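Have a look at the structure below, then the notes.
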Amino acid sequence: MTDAIRVKDVTFHYGEVLALRDVSLTVAHGRVCGLIGMNGSGKSTLFKTIMGLVEPDTGTVTIDGRSPSSARGSGVIGYVPQSEDVDWSFPLTVRDVVMMGRYSRMGFTRRPRRADRDAVEHALERVELTDLADRQIGQLSGGQKKRAFVARGIAQGATILLLDEPFAGVDKRSEATITRLLRESAAGGATVLVSTHDLHALPQLADEAVLLMHTVLMHGSCDEVLLPENLARAFGLDVMEPDGSHR
Ligand SMILES: Nc1ncnc2c1ncn2[C@@H]1O[C@H](COP(=O)(O)OP(=O)(O)OP(=O)(O)O)[C@@H](O)[C@H]1O
């Protein structure tokens, strides 16, 4: 079976700045994979590479066996970007944002049909935002904004979901809702790659995890990845032994 996400030997620089070096990673269908790494370790760049928004210097990305741009064009990939990457002043309601998930099915006119409207209402219900659907997107809380973007991916029918720090600055209710939706999506066969700084919640969220520090330091079960010595490598920390000595 083809891997849902396959990244092979990807290196990427912003000018002189190294973001990704020889990154190789595969995620199988139906898995939730957590992406862990310190600030600046390349997580967002990896998402953008998988989305085909940045072109690697070297290496390849395939999504379900096809190129990122082809997968994106057909609506297979849903993307929840980091909040900083979104212009929240844009005059769009929450419902408009969710409807954007249907664009790839609407064709040139972008005129929603019944099926599009139904899919949007259903997605709004699933993320518990029906009551706020007519609000301008910038007037939501951090957690509600994230849920609106998750709803966009659901309305789209995306089978590969990429979420860049969906829990950053998010209330507990939104965190629980998003975690539940991701688990349900994976149970239905979707593949999820999600970056998070919430290490405590990782085992409830993910089936497996990747430690990134420009390159993949480790890819394994959440338990393995969360071992102090592995986290220390990813976060550049000194690990103190119970007797007070340092590794
Ligand atoms: N547009 C850009 N121009 C130049 N350098 C950039 C740009 N975007 C990111 N970088 C650099 O590339 C490296 C990787 O950044 P990236 O945003 O992918 O990391 P990240 O792991 O997502 O960080 P964070 O957790 O802070 O969001 C960092 O050194 C960053 O400073």
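In the structure tokens, chains take the letters A, B, ... in the order shown, each chain's residues start at 1, and ligands count up from 1 in the order shown.
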Check: Using only C-alpha atoms, which residues sit within 8 Å of Glu165 (chain A) once same-chain residues fewer than 4 positions away are excluded, as a PyMOL selection string?
Finding: chain A and resi 81-82+194-197
Can you write out the residues you just picked, keeping C-alpha atoms, as a short mmCIF file (atom, residue, chain, number, x, y, z; two decimals), in the first residue's frame?
```cif
data_model
loop_
_atom_site.label_atom_id
_atom_site.label_comp_id
_atom_site.auth_asym_id
_atom_site.auth_seq_id
_atom_site.Cartn_x
_atom_site.Cartn_y
_atom_site.Cartn_z
CA PRO A 81 -1.68 26.81 9.40
CA GLN A 82 -0.01 28.53 12.31
CA VAL A 194 0.27 17.47 13.83
CA SER A 195 2.93 19.61 15.49
CA THR A 196 2.53 20.28 19.18
CA HIS A 197 4.43 21.57 22.18
#
```
Next item on the list: Give the alpha helix (DSSP H) residues of region 1-113 of chain A, as assigned by DSSP on the backbone, as a ChimeraX atom specification.
Entry: /A:43-51,68-73,94-99,103-106
Next item on the list: Collect all residues with atoms no farther than 9 Å from ligand 1, counting only C-alpha atoms and all ligand atoms, and output them as a PyMOL selection string.
Entry: chain A and resi 12-20+36-48+82+164-165+195-197+212-214
Could the residues in this selection be written to a file with N, CA and C atoms, as a compact mmCIF listing (two decimals), in the first residue's frame?
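As a result, out.txt now contains:
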```
# COMPACT_ATOMS: atom_id res chain seq x y z
N PHE A 12 16.13 21.99 2.67
CA PHE A 12 15.59 23.29 2.25
C PHE A 12 16.27 24.41 3.03
N HIS A 13 16.68 25.46 2.32
CA HIS A 13 17.26 26.67 2.92
C HIS A 13 16.38 27.87 2.57
N TYR A 14 16.26 28.80 3.53
CA TYR A 14 15.74 30.14 3.20
C TYR A 14 16.99 30.99 2.97
N GLY A 15 17.35 31.21 1.74
CA GLY A 15 18.62 31.92 1.48
C GLY A 15 19.75 31.11 2.08
N GLU A 16 20.45 31.72 3.06
CA GLU A 16 21.57 31.05 3.72
C GLU A 16 21.12 30.18 4.90
N VAL A 17 19.88 30.40 5.35
CA VAL A 17 19.43 29.75 6.59
C VAL A 17 18.93 28.33 6.31
N LEU A 18 19.56 27.37 7.00
CA LEU A 18 19.13 25.97 6.86
C LEU A 18 17.83 25.76 7.64
N ALA A 19 16.82 25.23 6.99
CA ALA A 19 15.58 24.87 7.70
C ALA A 19 15.44 23.36 7.82
N LEU A 20 15.70 22.64 6.74
CA LEU A 20 15.55 21.17 6.75
C LEU A 20 16.78 20.54 6.10
N ILE A 36 7.36 16.92 16.91
CA ILE A 36 7.88 17.61 18.10
C ILE A 36 9.24 18.21 17.77
N GLY A 37 9.44 19.43 18.21
CA GLY A 37 10.75 20.06 18.02
C GLY A 37 10.73 21.45 18.57
N MET A 38 11.92 21.97 18.89
CA MET A 38 11.96 23.30 19.49
C MET A 38 11.63 24.37 18.44
N ASN A 39 11.46 25.61 18.90
CA ASN A 39 11.19 26.71 17.98
C ASN A 39 12.32 26.80 16.96
N GLY A 40 11.94 26.94 15.72
CA GLY A 40 12.95 27.09 14.66
C GLY A 40 13.55 25.78 14.17
N SER A 41 13.00 24.64 14.63
CA SER A 41 13.58 23.34 14.24
C SER A 41 13.13 22.90 12.84
N GLY A 42 12.18 23.64 12.24
CA GLY A 42 11.80 23.34 10.86
C GLY A 42 10.42 22.73 10.69
N LYS A 43 9.61 22.73 11.74
CA LYS A 43 8.30 22.07 11.67
C LYS A 43 7.40 22.74 10.62
N SER A 44 7.29 24.07 10.71
CA SER A 44 6.40 24.77 9.75
C SER A 44 6.91 24.60 8.33
N THR A 45 8.23 24.63 8.18
CA THR A 45 8.79 24.48 6.84
C THR A 45 8.48 23.08 6.30
N LEU A 46 8.53 22.09 7.18
CA LEU A 46 8.20 20.73 6.75
C LEU A 46 6.73 20.67 6.28
N PHE A 47 5.83 21.30 7.03
CA PHE A 47 4.43 21.33 6.59
C PHE A 47 4.30 22.00 5.22
N LYS A 48 5.00 23.12 5.07
CA LYS A 48 4.88 23.86 3.80
C LYS A 48 5.46 23.05 2.64
N GLN A 82 -0.26 27.80 11.06
CA GLN A 82 -0.01 28.53 12.31
C GLN A 82 -0.75 29.85 12.26
N ASP A 164 -0.48 22.67 12.05
CA ASP A 164 0.72 23.31 12.59
C ASP A 164 0.36 23.97 13.92
N GLU A 165 0.73 23.33 14.99
CA GLU A 165 0.46 23.82 16.35
C GLU A 165 -1.01 24.21 16.59
N SER A 195 1.84 19.15 14.61
CA SER A 195 2.93 19.61 15.49
C SER A 195 2.33 20.11 16.79
N THR A 196 3.04 19.85 17.87
CA THR A 196 2.53 20.28 19.18
C THR A 196 3.68 20.45 20.16
N HIS A 197 3.48 21.40 21.08
CA HIS A 197 4.43 21.57 22.18
C HIS A 197 3.88 20.92 23.45
N LEU A 212 12.08 16.43 15.58
CA LEU A 212 12.74 17.15 14.48
C LEU A 212 13.72 18.17 15.03
N MET A 213 14.90 18.19 14.48
CA MET A 213 15.85 19.27 14.74
C MET A 213 16.55 19.50 13.40
N HIS A 214 15.81 20.14 12.50
CA HIS A 214 16.21 20.33 11.10
C HIS A 214 16.25 19.01 10.35
```
Next item on the list: For region 221-236 of chain A, work out the shell of residues within 8 Å, counting only C-alpha atoms and skipping chain neighbours fewer than 3 positions away, then give it as an NGL selection string.
Entry: :A and (37-38 or 199 or 202-203 or 206-213 or 217-218 or 239)
Dump as a short mmCIF file (atom, residue, chain, number, x, y, z; two decimals), in the first residue's frame, selection limited to N, CA and C atoms:
```cif
data_model
loop_
_atom_site.label_atom_id
_atom_site.label_comp_id
_atom_site.auth_asym_id
_atom_site.auth_seq_id
_atom_site.Cartn_x
_atom_site.Cartn_y
_atom_site.Cartn_z
N GLY A 37 9.44 19.43 18.21
CA GLY A 37 10.75 20.06 18.02
C GLY A 37 10.73 21.45 18.57
N MET A 38 11.92 21.97 18.89
CA MET A 38 11.96 23.30 19.49
C MET A 38 11.63 24.37 18.44
N LEU A 199 3.59 18.10 25.30
CA LEU A 199 4.14 16.74 25.37
C LEU A 199 3.30 15.83 26.25
N LEU A 202 0.54 14.26 24.29
CA LEU A 202 0.93 13.55 23.06
C LEU A 202 0.40 12.11 22.98
N PRO A 203 0.52 11.30 24.04
CA PRO A 203 0.06 9.91 23.91
C PRO A 203 -1.45 9.79 23.65
N ALA A 206 -1.58 11.05 19.64
CA ALA A 206 -0.86 10.49 18.49
C ALA A 206 -0.56 9.01 18.67
N ASP A 207 -0.45 8.30 17.53
CA ASP A 207 -0.04 6.89 17.53
C ASP A 207 1.47 6.77 17.51
N GLU A 208 2.13 7.80 16.99
CA GLU A 208 3.58 7.77 16.82
C GLU A 208 4.06 9.22 16.81
N ALA A 209 5.37 9.42 16.92
CA ALA A 209 5.86 10.80 16.95
C ALA A 209 7.23 10.90 16.29
N VAL A 210 7.52 12.11 15.84
CA VAL A 210 8.79 12.43 15.20
C VAL A 210 9.45 13.55 15.98
N LEU A 211 10.74 13.39 16.26
CA LEU A 211 11.52 14.47 16.86
C LEU A 211 12.31 15.14 15.75
N LEU A 212 12.08 16.43 15.58
CA LEU A 212 12.74 17.15 14.48
C LEU A 212 13.72 18.17 15.03
N MET A 213 14.90 18.19 14.48
CA MET A 213 15.85 19.27 14.74
C MET A 213 16.55 19.50 13.40
N LEU A 217 15.48 13.33 14.13
CA LEU A 217 16.33 12.72 15.15
C LEU A 217 15.78 11.35 15.53
N MET A 218 14.47 11.24 15.49
CA MET A 218 13.86 9.99 15.91
C MET A 218 12.42 9.91 15.43
N VAL A 239 20.22 16.41 30.67
CA VAL A 239 19.34 15.55 31.45
C VAL A 239 19.98 15.23 32.79
#
```
Note to self: Just checking: using only C-alpha atoms, which residue out of A:Gly157, A:Gly34, A:Pro56, A:Gly143 ends up closest to Met99 (chain A)?
What the structure shows: A:Gly157
Next item on the list: Would you list the contacts of Gly169 (chain A) as a PyMOL selection string, taking every protein, DNA or RNA residue within 12 Å and counting only C-alpha atoms, but skipping same-chain residues closer than 5 positions in sequence?
Entry: chain A and resi 82-84+141-146+174-175+196-198
Next item on the list: Find the residues around Leu124 (chain A) up to 9 Å (only C-alpha atoms counted), leave out those fewer than 3 positions away in its own chain, and share them as number ranges by chain.
Entry: A: 94-95, 98, 119-121, 127-131, 133, 147-148, 151-152, 155
Next item on the list: Measure the distance from CA of Leu161 (chain A) to CA of Asp134 (chain A) in Å and round it to one decimal.
Entry: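 Computing the Euclidean distance for CA of Leu161 (chain A) and CA of Asp134 (chain A) yields 24.9 Å.
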Checklist line | Å distance separating CA of Asp3 (chain A) from CA of Thr191 (chain A), one decimal place | finding: 9.7 Å
Check: Can you list, as JSON, numbers by chain, every protein, DNA or RNA residue that comes within 9 Å of Gly52 (chain A) when you count only C-alpha atoms, leaving out same-chain residues fewer than 5 positions away?
Finding: {"A": [47, 61, 67, 68, 69, 72]}
Next item on the list: For Thr159 (chain A), list every protein, DNA or RNA residue within 7 Å, evaluated using only C-alpha atoms, and leave out those in the same chain fewer than 6 positions away; present the list as a VMD selection string.
Entry: chain A and resid 76 to 77 190 to 191
Next item on the list: Go ahead and compute the interatomic distance for CA of Gly138 (chain A) and CA of Leu181 (chain A), in Å to one decimal.
Entry: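 Rounded to one decimal, the two atoms are 22.6 Å apart.
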Note to self: I'd like to know which of A:Asp9, A:Glu125, A:Asp22, A:Asp85 is closest to Thr62 (chain A), using only C-alpha atoms.
What the structure shows: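 For Thr62 (chain A), the nearest of the candidates is A:Asp9.
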Note to self: Given only C-alpha atoms as the basis, pick out the residue of A:Leu205, A:Met106, A:Ala186, A:Cys33 nearest to His219 (chain A).
What the structure shows: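 For His219 (chain A), the nearest of the given residues is A:Cys33.
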Check: Between A:Val170, A:Met51, A:Met100, A:Val32, which has the minimum distance to Glu184 (chain A) (counting only C-alpha atoms)?
Finding: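 Looking at the shortest contact to Glu184 (chain A), the residue is A:Val32.
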Next item on the list: From a DSSP pass on the backbone, collect the residues of region 43-110 of chain A flagged as strand (DSSP E) and hand them back as a PyMOL selection string.
Entry: chain A and resi 58-63+77-80
